[in-house]
Amino acid sequence: MATLVLTTIGTAVGGPLGGAIGAILGQAADAYIFAPPGRKGPRLSDLRVQTSSYGTVIPRLLGRMRVSGTVIWATDLVEHRNRTGGGKGRPSTTNYSYSASFAVALSSRKITDIGRIWAEGNILRGSDGAFKSATGFRLYYGDEDQNIDPLLASAEGAAHCPAYRGIAYVVFEDMDLSPFGNRIPSLSFEVMADPGNMALSDILVDALDGPVAVAHSPAIIGAVQVGSTRREAAGAWLRLLAVQRDAASSIWQVGESTGTPHNIGEPASGEAVSRERVSFAAMGRRPSQIALGCYDPSRDFQSTVQVARVAGGDSGIERIDLPLAANADLAKRIVSNLAGLTAGASATRERPSGFASLAVPMGARVEVAGRSARLTERKIEGAQILLTLDDSPPIIWLGAQLGDGGRSISSPDLLIGSSVGHILDLPVWGQGGLGFNGGLAVAVAGTGAGWRSAMVEVSASNSSPTTPLGQATATPVMGNVAGFSSAAQAVLLDLAGWIDVELLRSDMALINVSDNDLLSGSNLAMAGGELIQFGHAEPLGNRRWRLTRLLRGRVGTEDAMPILSSGHQFTMIDGPSLLPLPAMIGLTNIGAGGHVTLTGQGDEAAIVLPIQQSGRAARPLASVHLTQEWSNGALGLRWIRRSRAGFAWPDGVDAPLDDRYEKYRITINASGNATEMTSEEPHLLISETQVAAWRATAAAIQVIIRQVGESGESLPLAAFIEI
């Protein structure tokens, strides 16, 4: 901004002029800072690209900004193998995953905190501080006494590992790379370097040395200082703010001075001096518009461009990019101010002056023939002093401006929440392509829409080893029963009853299906211990839904209908979203403390689900339709067995046996005395003698029939018979 040319000093040495020249030399180093830089500043895209090359300048962050940083250390990829399944003739599955550890430098100036982190443009760390993908994380604020990171020290050796004091950086340890194609993703960070907002003038205050006096300037969100020297760091901002330094006090003045303009004095009378020369802007050199590119914090720091017209401009658009965080209104205010300054830059004057001008700071306002101008250059040619003066008006910030930042599609910051698991005691079901073999299964989801997975393990008892089931990633629709009608039917389409459920999350939803779809197995759910289907789901608000057109007590679960209660678990049955427990953890060998353990990314501690199901799903179904026949005093009992393999009742014949053998235990109570009998057929003949013995003590008997299977006995079929 200033050029000091000393063509002759000879006769100027000594006397008052010697002191003036001393003042000039004192200002020379200061003026050098504001000389036009020889290289361009950072483009907006520079802050978006993560680098890891030697010689990269680490920026100084001010306020709140989003930057990508520089990778300063990294390990090779680490391979992890996870084996699941196997046993009883089933093949095992080996899954491979990869992780890496690395460190990223963010700022060469101390920071206060880290906010959100993006990976490949998607949220990796949300505003709540929770990571969406598994990783260890440590933040170093850039203190001058910060310690060496233990991971870096163990890998490089404490004697060879720097602590990077004065540099703010983060360390990712064992980051799971599977969501990013097994490579280190391109990251960007929301960095808080200073508490609260800051003023535009604070950018130059950070780049200057010594005491600073600041005039009014608008508030900004944040900025980045990039440059290998102070000159480079300050150069990008000098067009927005006036800067000068008082030679006597060495105080920098950032912003227009509100004091009286300096007196530059007149040349000594009688001396031969050159005349004032005026230069006007050439035609076609003044832009018709100025476009300012910066970052908009309200749009996740995406780039924004605001344009202002220049009055009297006669050329194209001048584009200015600044590493500045400003919303659309502030960016519009800045570019409008620049347009006004450009329009007001009418002439440049080269004027002779007296010795008093040697004490005027470069960049200061001076008074010339009643006009105010800015001192931009000073020359000493022989015995005369020539000043270059800019007639541009003072930088006076305009009031509020309205800018349009447009719309943006931002990566959603979804909360992970905690994991929720339901253990289901499922019967055999073969309809609608949702076939499963029955037994215990686990359904897992999360309370937050950002939940993605949880590791599931099972143990048959407190003393049994833990068996990994794998990772639950598919999210079933889950919730709780919130209410229900008292009317219920197990064999007909229930048009009068209803069940209210409250789903786990607001982004979960239920759908309507036709009656034909119901019969094909659609909309199958477990409510408590009862399997139900519903044809219509009506949203009631606040995550509540009312289910109607019900099929209740499906697949032999009608015994659970009377015990349905508010608060019972509700889970939509979707085969891919269920993790079946292995056969070795079947209901027949669950001991004390048998449990399933969930470990999700958002869980502060492992979640333990006790296995408390009765095993009804693995036992035979209760028989039905008990009838009696009398013949010569003997009592014949007949009943119809049911089979889990025959709910569809194909061809109208008896359902096929779904156990290896058929056996029944019949208990007959007469006046408090119980008699046990067995049968291998669904009928029993009781002799006349036995019936006569019961008649001697009772007028009626209670008959209880249970089918005996490999996994236990069925629920009872009970009836009273008069004898």
# chains A, B, ... in the order shown; residues from 1 in each chain; ligands from 1

call {"tool": "residues_around", "arguments": {"residues": "region 698-700 of chain A", "least_positions_apart": "6", "cutoff": "6 Å", "atoms": "only C-alpha atoms", "output": "PDB file with C-alpha atoms, in the first residue's frame"}}
result
ATOM      1  CA  SER A 671     -63.582 -85.275  44.323  1.00  0.00           C
ATOM      2  CA  ILE A 721     -68.281 -84.215  32.315  1.00  0.00           C
ATOM      3  CA  GLU A 722     -71.284 -85.428  34.298  1.00  0.00           C
ATOM      4  CA  ILE A 723     -71.078 -89.113  35.183  1.00  0.00           C
TER       5      ILE A 723
END

call {"tool": "select_by_dssp", "arguments": {"residues": "region 402-604 of chain A", "states": "strand (DSSP E)", "output": "VMD selection string"}}
result
chain A and resid 419 to 426 439 to 446 454 to 459 467 to 472 478 to 484 499 to 503 524 to 527 530 to 541 544 to 551 569 to 572 578 to 580 595 to 600

call {"tool": "residues_around", "arguments": {"residues": "Thr112 (chain A)", "least_positions_apart": "6", "cutoff": "7 Å", "atoms": "only C-alpha atoms", "output": "CSV table (one decimal) with all heavy atoms, in the first residue's frame"}}
result
chain,number,residue,atom,x,y,z
A,141,TYR,N,-6.6,-28.9,22.2
A,141,TYR,CA,-7.1,-27.5,21.9
A,141,TYR,C,-6.0,-26.6,21.4
A,141,TYR,O,-6.3,-25.5,20.9
A,141,TYR,CB,-7.7,-26.9,23.2
A,141,TYR,CG,-8.9,-27.6,23.7
A,141,TYR,CD1,-8.8,-28.6,24.7
A,141,TYR,CD2,-10.2,-27.3,23.2
A,141,TYR,CE1,-9.9,-29.3,25.1
A,141,TYR,CE2,-11.3,-28.0,23.7
A,141,TYR,CZ,-11.1,-29.0,24.6
A,141,TYR,OH,-12.2,-29.7,25.1
A,192,MET,N,-15.0,-24.1,16.9
A,192,MET,CA,-15.2,-22.9,17.7
A,192,MET,C,-13.9,-22.5,18.3
A,192,MET,O,-13.3,-23.1,19.2
A,192,MET,CB,-16.2,-23.2,18.8
A,192,MET,CG,-17.6,-23.1,18.4
A,192,MET,SD,-18.1,-24.5,17.3
A,192,MET,CE,-18.4,-25.8,18.6
A,193,ALA,N,-13.3,-21.4,17.7
A,193,ALA,CA,-12.1,-20.9,18.1
A,193,ALA,C,-12.2,-19.8,19.1
A,193,ALA,O,-11.3,-19.5,19.9
A,193,ALA,CB,-11.3,-20.4,16.9
A,194,ASP,N,-13.3,-19.1,19.1
A,194,ASP,CA,-13.5,-18.0,20.1
A,194,ASP,C,-15.0,-18.0,20.6
A,194,ASP,O,-15.9,-18.4,19.8
A,194,ASP,CB,-13.3,-16.6,19.4
A,194,ASP,CG,-11.9,-16.4,18.9
A,194,ASP,OD1,-11.0,-16.2,19.8
A,194,ASP,OD2,-11.6,-16.6,17.7

call {"tool": "residues_around", "arguments": {"residues": "Pro59 (chain A)", "least_positions_apart": "4", "cutoff": "8 Å", "atoms": "only C-alpha atoms", "output": "number ranges by chain"}}
result
A: 106-109, 224-227

call {"tool": "write_last_selection", "arguments": {"atoms": "N, CA, C and O atoms", "output": "JSON list (two decimals), in the first residue's frame"}}
result
[["chain", "number", "residue", "atom", "x", "y", "z"],
["A", 106, "LEU", "N", -6.08, -28.80, 12.79],
["A", 106, "LEU", "CA", -7.17, -27.91, 12.44],
["A", 106, "LEU", "C", -6.78, -26.44, 12.43],
["A", 106, "LEU", "O", -7.20, -25.69, 11.57],
["A", 107, "SER", "N", -5.99, -26.00, 13.40],
["A", 107, "SER", "CA", -5.72, -24.57, 13.54],
["A", 107, "SER", "C", -4.36, -24.36, 14.19],
["A", 107, "SER", "O", -3.97, -25.11, 15.09],
["A", 108, "SER", "N", -3.64, -23.35, 13.72],
["A", 108, "SER", "CA", -2.38, -22.96, 14.36],
["A", 108, "SER", "C", -2.62, -21.93, 15.45],
["A", 108, "SER", "O", -1.68, -21.27, 15.90],
["A", 109, "ARG", "N", -3.86, -21.80, 15.85],
["A", 109, "ARG", "CA", -4.27, -20.91, 16.94],
["A", 109, "ARG", "C", -5.15, -21.72, 17.88],
["A", 109, "ARG", "O", -5.90, -22.59, 17.46],
["A", 224, "VAL", "N", -10.90, -17.29, 8.56],
["A", 224, "VAL", "CA", -9.68, -18.09, 8.51],
["A", 224, "VAL", "C", -8.54, -17.19, 8.05],
["A", 224, "VAL", "O", -8.66, -16.49, 7.04],
["A", 225, "GLN", "N", -7.46, -17.21, 8.81],
["A", 225, "GLN", "CA", -6.24, -16.50, 8.41],
["A", 225, "GLN", "C", -5.31, -17.52, 7.77],
["A", 225, "GLN", "O", -4.87, -18.46, 8.43],
["A", 226, "VAL", "N", -5.01, -17.35, 6.50],
["A", 226, "VAL", "CA", -4.13, -18.26, 5.79],
["A", 226, "VAL", "C", -3.00, -17.45, 5.17],
["A", 226, "VAL", "O", -3.23, -16.46, 4.49],
["A", 227, "GLY", "N", -1.78, -17.88, 5.42],
["A", 227, "GLY", "CA", -0.63, -17.20, 4.84],
["A", 227, "GLY", "C", 0.63, -17.57, 5.59],
["A", 227, "GLY", "O", 0.60, -17.81, 6.81]]

call {"tool": "atom_distance", "arguments": {"atom1": "CA of Arg351 (chain A)", "atom2": "CA of Thr388 (chain A)"}}
result
6.5 Å

call {"tool": "closest_residue", "arguments": {"among": "A:Gly479, A:Gly556, A:Gly382, A:Gly405", "to": "Arg544 (chain A)", "atoms": "only C-alpha atoms"}}
result
A:Gly479

call {"tool": "residues_around", "arguments": {"residues": "Ser411 (chain A)", "least_positions_apart": "6", "cutoff": "8 Å", "atoms": "only C-alpha atoms", "output": "CSV table (one decimal) with C-alpha atoms, in the first residue's frame"}}
result
chain,number,residue,atom,x,y,z
A,121,GLY,CA,-20.5,-34.5,3.4
A,122,ASN,CA,-22.7,-36.6,5.8
A,123,ILE,CA,-22.9,-36.0,9.5

call {"tool": "residues_around", "arguments": {"residues": "Val608 (chain A)", "least_positions_apart": "2", "cutoff": "10 Å", "atoms": "only C-alpha atoms", "output": "list of chain:residue names"}}
result
A:Val420, A:Gly421, A:Glu457, A:Val458, A:Gly594, A:His595, A:Val596, A:Thr597, A:Leu598, A:Thr599, A:Ala605, A:Ala606, A:Pro610, A:Ile611

call {"tool": "write_last_selection", "arguments": {"atoms": "N, CA, C and O atoms", "output": "compact mmCIF listing (two decimals), in the first residue's frame"}}
result
# COMPACT_ATOMS: atom_id res chain seq x y z
N VAL A 420 -33.04 -50.51 21.80
CA VAL A 420 -34.18 -51.15 22.44
C VAL A 420 -34.33 -52.53 21.81
O VAL A 420 -34.28 -52.67 20.58
N GLY A 421 -34.49 -53.56 22.65
CA GLY A 421 -34.62 -54.92 22.14
C GLY A 421 -35.86 -55.60 22.66
O GLY A 421 -36.27 -55.38 23.80
N GLU A 457 -25.38 -60.31 21.60
CA GLU A 457 -24.78 -61.51 22.17
C GLU A 457 -25.81 -62.18 23.07
O GLU A 457 -26.72 -61.53 23.59
N VAL A 458 -25.66 -63.49 23.28
CA VAL A 458 -26.62 -64.24 24.09
C VAL A 458 -25.86 -65.19 24.99
O VAL A 458 -24.80 -65.70 24.65
N GLY A 594 -30.28 -66.45 32.10
CA GLY A 594 -30.19 -66.44 30.65
C GLY A 594 -30.59 -65.07 30.10
O GLY A 594 -31.62 -64.53 30.50
N HIS A 595 -29.80 -64.53 29.20
CA HIS A 595 -30.05 -63.16 28.77
C HIS A 595 -29.45 -62.89 27.40
O HIS A 595 -28.60 -63.64 26.91
N VAL A 596 -29.92 -61.81 26.79
CA VAL A 596 -29.38 -61.28 25.55
C VAL A 596 -28.80 -59.91 25.85
O VAL A 596 -29.40 -59.11 26.58
N THR A 597 -27.63 -59.61 25.30
CA THR A 597 -26.94 -58.34 25.55
C THR A 597 -26.86 -57.54 24.25
O THR A 597 -26.47 -58.07 23.20
N LEU A 598 -27.25 -56.26 24.33
CA LEU A 598 -27.18 -55.35 23.19
C LEU A 598 -26.12 -54.28 23.47
O LEU A 598 -26.09 -53.71 24.56
N THR A 599 -25.30 -54.02 22.48
CA THR A 599 -24.30 -52.95 22.60
C THR A 599 -24.37 -52.10 21.34
O THR A 599 -23.83 -52.48 20.29
N ALA A 605 -24.04 -47.91 28.28
CA ALA A 605 -23.65 -49.20 28.83
C ALA A 605 -24.42 -50.28 28.08
O ALA A 605 -25.43 -50.02 27.42
N ALA A 606 -23.93 -51.53 28.17
CA ALA A 606 -24.60 -52.64 27.50
C ALA A 606 -26.00 -52.82 28.07
O ALA A 606 -26.24 -52.67 29.28
N PRO A 610 -33.37 -60.00 29.88
CA PRO A 610 -33.52 -61.36 30.43
C PRO A 610 -34.47 -62.19 29.57
O PRO A 610 -35.45 -61.69 29.04
N ILE A 611 -34.15 -63.48 29.43
CA ILE A 611 -35.00 -64.40 28.68
C ILE A 611 -36.00 -65.00 29.65
O ILE A 611 -35.66 -65.84 30.48

call {"tool": "closest_residue", "arguments": {"among": "A:Ala670, A:Leu519, A:Leu240, A:Leu579", "to": "Leu550 (chain A)", "atoms": "only C-alpha atoms"}}
result
A:Leu519

call {"tool": "residues_around", "arguments": {"residues": "Gly344 (chain A)", "least_positions_apart": "4", "cutoff": "12 Å", "atoms": "only C-alpha atoms", "output": "PDB file with N, CA, C and O atoms, in the first residue's frame"}}
result
ATOM      1  N   PHE A 280      -7.483   9.905 -13.531  1.00  0.00           N
ATOM      2  CA  PHE A 280      -8.848   9.386 -13.431  1.00  0.00           C
ATOM      3  C   PHE A 280      -8.874   7.930 -13.908  1.00  0.00           C
ATOM      4  O   PHE A 280      -8.043   7.511 -14.720  1.00  0.00           O
ATOM      5  N   ALA A 281      -9.829   7.188 -13.391  1.00  0.00           N
ATOM      6  CA  ALA A 281      -9.960   5.781 -13.778  1.00  0.00           C
ATOM      7  C   ALA A 281     -10.236   5.675 -15.265  1.00  0.00           C
ATOM      8  O   ALA A 281     -11.062   6.407 -15.807  1.00  0.00           O
ATOM      9  N   ARG A 286     -13.624   0.006 -14.421  1.00  0.00           N
ATOM     10  CA  ARG A 286     -14.437  -0.066 -13.205  1.00  0.00           C
ATOM     11  C   ARG A 286     -15.518  -1.139 -13.392  1.00  0.00           C
ATOM     12  O   ARG A 286     -16.294  -1.078 -14.338  1.00  0.00           O
ATOM     13  N   VAL A 310     -22.354  -1.664  -9.101  1.00  0.00           N
ATOM     14  CA  VAL A 310     -21.463  -0.521  -8.902  1.00  0.00           C
ATOM     15  C   VAL A 310     -21.981   0.630  -9.758  1.00  0.00           C
ATOM     16  O   VAL A 310     -22.078   0.510 -10.998  1.00  0.00           O
ATOM     17  N   ALA A 311     -22.340   1.734  -9.119  1.00  0.00           N
ATOM     18  CA  ALA A 311     -22.844   2.895  -9.863  1.00  0.00           C
ATOM     19  C   ALA A 311     -21.756   3.425 -10.791  1.00  0.00           C
ATOM     20  O   ALA A 311     -20.627   3.699 -10.361  1.00  0.00           O
ATOM     21  N   GLY A 312     -22.099   3.563 -12.063  1.00  0.00           N
ATOM     22  CA  GLY A 312     -21.145   4.074 -13.038  1.00  0.00           C
ATOM     23  C   GLY A 312     -20.164   3.043 -13.535  1.00  0.00           C
ATOM     24  O   GLY A 312     -19.246   3.385 -14.293  1.00  0.00           O
ATOM     25  N   GLY A 313     -20.314   1.776 -13.142  1.00  0.00           N
ATOM     26  CA  GLY A 313     -19.404   0.739 -13.605  1.00  0.00           C
ATOM     27  C   GLY A 313     -19.579   0.475 -15.086  1.00  0.00           C
ATOM     28  O   GLY A 313     -20.683   0.541 -15.619  1.00  0.00           O
ATOM     29  N   ASN A 337     -21.149  -2.452   0.467  1.00  0.00           N
ATOM     30  CA  ASN A 337     -20.184  -1.453   0.897  1.00  0.00           C
ATOM     31  C   ASN A 337     -19.017  -1.369  -0.088  1.00  0.00           C
ATOM     32  O   ASN A 337     -18.554  -0.274  -0.441  1.00  0.00           O
ATOM     33  N   LEU A 338     -18.545  -2.528  -0.544  1.00  0.00           N
ATOM     34  CA  LEU A 338     -17.473  -2.537  -1.523  1.00  0.00           C
ATOM     35  C   LEU A 338     -17.902  -1.869  -2.825  1.00  0.00           C
ATOM     36  O   LEU A 338     -17.127  -1.139  -3.460  1.00  0.00           O
ATOM     37  N   ALA A 339     -19.150  -2.118  -3.229  1.00  0.00           N
ATOM     38  CA  ALA A 339     -19.649  -1.488  -4.461  1.00  0.00           C
ATOM     39  C   ALA A 339     -19.697   0.021  -4.313  1.00  0.00           C
ATOM     40  O   ALA A 339     -19.358   0.760  -5.246  1.00  0.00           O
ATOM     41  N   GLY A 340     -20.105   0.509  -3.140  1.00  0.00           N
ATOM     42  CA  GLY A 340     -20.131   1.952  -2.915  1.00  0.00           C
ATOM     43  C   GLY A 340     -18.752   2.559  -2.933  1.00  0.00           C
ATOM     44  O   GLY A 340     -18.538   3.649  -3.495  1.00  0.00           O
ATOM     45  N   THR A 348      -7.068   9.747  -8.494  1.00  0.00           N
ATOM     46  CA  THR A 348      -5.858   9.607  -7.694  1.00  0.00           C
ATOM     47  C   THR A 348      -4.970  10.816  -7.986  1.00  0.00           C
ATOM     48  O   THR A 348      -4.767  11.180  -9.157  1.00  0.00           O
ATOM     49  N   ALA A 373      -8.772  13.005   1.735  1.00  0.00           N
ATOM     50  CA  ALA A 373      -8.203  11.968   0.881  1.00  0.00           C
ATOM     51  C   ALA A 373      -7.364  11.031   1.739  1.00  0.00           C
ATOM     52  O   ALA A 373      -6.996  11.361   2.876  1.00  0.00           O
ATOM     53  N   ASP A 390      -5.621   9.191  -2.516  1.00  0.00           N
ATOM     54  CA  ASP A 390      -6.809   8.553  -3.094  1.00  0.00           C
ATOM     55  C   ASP A 390      -8.032   9.333  -2.637  1.00  0.00           C
ATOM     56  O   ASP A 390      -8.274   9.493  -1.432  1.00  0.00           O
ATOM     57  N   ASP A 391      -8.822   9.817  -3.626  1.00  0.00           N
ATOM     58  CA  ASP A 391      -9.995  10.620  -3.307  1.00  0.00           C
ATOM     59  C   ASP A 391     -11.216   9.783  -2.906  1.00  0.00           C
ATOM     60  O   ASP A 391     -12.303  10.330  -2.733  1.00  0.00           O
ATOM     61  N   SER A 392     -11.056   8.472  -2.753  1.00  0.00           N
ATOM     62  CA  SER A 392     -12.205   7.635  -2.379  1.00  0.00           C
ATOM     63  C   SER A 392     -12.774   8.104  -1.047  1.00  0.00           C
ATOM     64  O   SER A 392     -12.034   8.525  -0.143  1.00  0.00           O
ATOM     65  N   PRO A 393     -14.088   8.052  -0.907  1.00  0.00           N
ATOM     66  CA  PRO A 393     -14.698   8.504   0.351  1.00  0.00           C
ATOM     67  C   PRO A 393     -14.316   7.578   1.502  1.00  0.00           C
ATOM     68  O   PRO A 393     -13.865   6.453   1.288  1.00  0.00           O
ATOM     69  N   PRO A 394     -14.483   8.018   2.730  1.00  0.00           N
ATOM     70  CA  PRO A 394     -14.188   7.165   3.890  1.00  0.00           C
ATOM     71  C   PRO A 394     -15.055   5.902   3.881  1.00  0.00           C
ATOM     72  O   PRO A 394     -16.156   5.878   3.332  1.00  0.00           O
ATOM     73  N   ILE A 395     -14.507   4.837   4.476  1.00  0.00           N
ATOM     74  CA  ILE A 395     -15.260   3.586   4.601  1.00  0.00           C
ATOM     75  C   ILE A 395     -16.256   3.750   5.741  1.00  0.00           C
ATOM     76  O   ILE A 395     -15.899   3.716   6.921  1.00  0.00           O
ATOM     77  N   ILE A 396     -17.487   3.979   5.381  1.00  0.00           N
ATOM     78  CA  ILE A 396     -18.569   4.112   6.364  1.00  0.00           C
ATOM     79  C   ILE A 396     -19.558   2.981   6.107  1.00  0.00           C
ATOM     80  O   ILE A 396     -20.171   2.906   5.034  1.00  0.00           O
TER      81      ILE A 396
END

call {"tool": "closest_residue", "arguments": {"among": "A:Asp603, A:Asp404, A:Glu350, A:Asp206", "to": "Glu276 (chain A)", "atoms": "only C-alpha atoms"}}
result
A:Glu350
